[in-house]
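S.K.: Next up is a structure, given as structure tokens.
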Amino acid sequence: MEAAAKPRYGGGRDALIDAAIRVVAREGMRGLTIRSVAAEAGVTHGLVRHHFGSRDALVEATLVRSVEMAIDSSSLAPGRGQIEEISSDLASTVESQEELLAFQYELLLEARRRPELKKHVERMYDDYTAAAQGELERAGFGNDPLAARVLFAALDGLALQQVVFGKPERTDAGVELIHALFEALLGQRAEES
């Protein structure tokens, strides 16, 4: 395996986070070490320790950044409040961010074996659910945490299946069905009020 180009000055932390994502996507959480990240980034392991101090701090920083990157690149970022726009680009987002999502799913499963990771994974899901909640509020749902959790769970399941099996057309069809279901639910709520 050829090491990545050395990070530009001032970009070391982000380059190391990117390297950690690639290592975990390729080798799983068990393959994530200070040395493996250093090798992937083409730097010394001392630089990784300088930026993060420990493997756990690296994992936490990588998880936080991965959620920011995923939300920023998706239709869960603040939109115009249209149901049909919520995650309408999910299949292409999954394709372009497959390593990032694989990292998150690996961490999710690792949290079952390592309880100290659970708080980080819960925060990740809370952040995603909050983004879904914001989009539903803009679409007229009001404050409905359960609807946001269900919306995110459906989108998360579609993304996971695409990471594992490919088939973006299934993701697109699933997102269309989610839009139809939430439009119907919104219409039902409007009739009831």
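Just so we're on the same page: first chain in the structure tokens is A, next is B, and so on; residues restart at 1 for each chain, and ligands are numbered from 1 in the order they show up.
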Give the helix (DSSP H, G or I) residues of range 34-167 of chain A, as DSSP finds them on the backbone, and put them as a ChimeraX atom specification.
M.R.: /A:34-41,45-52,55-72,83-85,90-96,98-113,115-138,145-165
S.K.: If we count only C-alpha atoms and set the cut-off at 12 Å, which residues sit around Gln97 in chain A, ignoring sequence neighbours fewer than 6 positions away in its own chain? Please answer as a PyMOL selection string.
M.R.: chain A and resi 18+21-22+25+66-67+69-74+89-91+103-104+159-160+162-163
S.K.: Measuring atom to atom with only C-alpha atoms, identify which of A:Glu191, A:Asp144, A:Glu135, A:Asp126 is nearest to Glu85 in chain A.
M.R.: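 Among the listed residues, A:Glu135 lies closest to Glu85 in chain A.
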S.K.: When distances are computed from only C-alpha atoms, which of A:Thr171, A:Asn143, A:Gln188, A:Ser193 shows the smallest separation from Ser88 in chain A?
M.R.: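 Of A:Thr171, A:Asn143, A:Gln188, A:Ser193, the one nearest Ser88 in chain A, counting only C-alpha atoms, is A:Thr171.
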S.K.: If you count only C-alpha atoms, which residues fall within 12 Å of Glu68 in chain A, apart from same-chain ones fewer than 3 positions away, as a PDB file with C-alpha atoms, in the first residue's frame?
M.R.:
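File written: around-v9.pdb
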```pdb
ATOM      1  CA  ALA A  61     -12.420  13.654  16.813  1.00  0.00           C
ATOM      2  CA  THR A  62     -12.887  11.528  13.706  1.00  0.00           C
ATOM      3  CA  LEU A  63     -16.453  10.661  14.628  1.00  0.00           C
ATOM      4  CA  VAL A  64     -17.382  14.295  15.317  1.00  0.00           C
ATOM      5  CA  ARG A  65     -15.845  15.420  12.017  1.00  0.00           C
ATOM      6  CA  ILE A  71     -24.641  16.257   7.327  1.00  0.00           C
ATOM      7  CA  ASP A  72     -23.034  19.127   5.406  1.00  0.00           C
ATOM      8  CA  SER A  73     -22.986  17.070   2.219  1.00  0.00           C
ATOM      9  CA  SER A  74     -26.545  15.759   2.503  1.00  0.00           C
ATOM     10  CA  LEU A  76     -30.303  17.014   5.923  1.00  0.00           C
ATOM     11  CA  ALA A  77     -28.405  20.279   5.971  1.00  0.00           C
ATOM     12  CA  LEU A 100     -17.015   7.960   5.745  1.00  0.00           C
ATOM     13  CA  LEU A 101     -20.228   5.992   6.205  1.00  0.00           C
ATOM     14  CA  GLN A 104     -19.490   5.317  11.107  1.00  0.00           C
ATOM     15  CA  ARG A 123     -24.155  11.684  20.005  1.00  0.00           C
ATOM     16  CA  MET A 124     -23.688  10.858  16.310  1.00  0.00           C
ATOM     17  CA  TYR A 125     -27.247   9.554  16.052  1.00  0.00           C
ATOM     18  CA  ASP A 127     -26.876  14.908  15.660  1.00  0.00           C
ATOM     19  CA  TYR A 128     -28.345  13.134  12.633  1.00  0.00           C
ATOM     20  CA  ALA A 131     -30.795  17.490  11.474  1.00  0.00           C
TER      21      ALA A 131
END
```
S.K.: For Arg113 in chain A, please output as number ranges by chain all residues within 12 Å (counting only C-alpha atoms; exclusion window: fewer than 6 positions along the same chain).
M.R.: A: 29-30, 106-107
S.K.: Can you work out which one of A:Val150, A:Ala130, A:Val94, A:Leu136 has the shortest atom-to-atom distance to Asp172 in chain A, counting only C-alpha atoms?
M.R.: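 For Asp172 in chain A, the nearest of the candidates is A:Val94.
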S.K.: Return the single residue from A:Gly166, A:Gly157, A:Gly187, A:Gly81 that is closest to Arg138 in chain A, with distances computed using only C-alpha atoms.
M.R.: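 For Arg138 in chain A, the nearest of the candidates is A:Gly81.
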S.K.: Could you give me, as an mmCIF file with N, CA and C atoms, in the first residue's frame, the residues within 10 Å of Ala38 in chain A, counting only C-alpha atoms and dropping anything in the same chain fewer than 5 positions from it?
M.R.:
```cif
data_model
loop_
_atom_site.group_PDB
_atom_site.id
_atom_site.type_symbol
_atom_site.label_atom_id
_atom_site.label_comp_id
_atom_site.auth_asym_id
_atom_site.auth_seq_id
_atom_site.Cartn_x
_atom_site.Cartn_y
_atom_site.Cartn_z
ATOM 1 N N ALA A 3 1.601 5.102 0.747
ATOM 2 C CA ALA A 3 1.152 6.115 1.701
ATOM 3 C C ALA A 3 0.654 7.350 0.955
ATOM 4 N N ALA A 4 -0.258 8.048 1.606
ATOM 5 C CA ALA A 4 -0.795 9.273 1.021
ATOM 6 C C ALA A 4 0.279 10.350 1.029
ATOM 7 N N ALA A 15 -6.072 15.964 7.696
ATOM 8 C CA ALA A 15 -5.487 14.864 6.927
ATOM 9 C C ALA A 15 -5.435 13.591 7.766
ATOM 10 N N LEU A 16 -5.163 13.725 9.047
ATOM 11 C CA LEU A 16 -5.117 12.564 9.926
ATOM 12 C C LEU A 16 -6.518 11.987 10.146
ATOM 13 N N ALA A 19 -7.316 10.117 7.082
ATOM 14 C CA ALA A 19 -6.571 8.856 7.090
ATOM 15 C C ALA A 19 -7.237 7.847 8.023
ATOM 16 N N ALA A 20 -7.706 8.297 9.189
ATOM 17 C CA ALA A 20 -8.388 7.401 10.132
ATOM 18 C C ALA A 20 -9.663 6.831 9.508
ATOM 19 N N THR A 33 -4.932 2.138 14.530
ATOM 20 C CA THR A 33 -3.901 2.413 15.528
ATOM 21 C C THR A 33 -3.268 3.752 15.177
ATOM 22 N N VAL A 43 2.932 10.292 7.593
ATOM 23 C CA VAL A 43 3.600 11.096 8.609
ATOM 24 C C VAL A 43 4.116 10.174 9.716
ATOM 25 N N THR A 44 4.796 10.735 10.687
ATOM 26 C CA THR A 44 5.268 9.930 11.816
ATOM 27 C C THR A 44 4.139 9.745 12.821
ATOM 28 N N HIS A 45 4.242 8.664 13.596
ATOM 29 C CA HIS A 45 3.204 8.446 14.602
ATOM 30 C C HIS A 45 3.266 9.522 15.689
ATOM 31 N N GLY A 46 4.421 10.160 15.848
ATOM 32 C CA GLY A 46 4.534 11.265 16.797
ATOM 33 C C GLY A 46 3.625 12.432 16.436
ATOM 34 N N LEU A 47 3.444 12.669 15.139
ATOM 35 C CA LEU A 47 2.550 13.748 14.708
ATOM 36 C C LEU A 47 1.100 13.423 15.057
ATOM 37 N N VAL A 48 0.720 12.161 14.902
ATOM 38 C CA VAL A 48 -0.638 11.753 15.270
ATOM 39 C C VAL A 48 -0.828 11.954 16.773
ATOM 40 N N ARG A 49 0.140 11.523 17.570
ATOM 41 C CA ARG A 49 0.070 11.714 19.032
ATOM 42 C C ARG A 49 0.029 13.210 19.381
#
```
S.K.: Report, in Å to a single decimal, how far apart CA of Leu32 in chain A and CA of His51 in chain A are.
M.R.: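 If I compute the distance from CA of His51 in chain A to CA of Leu32 in chain A, I get 15.7 Å.
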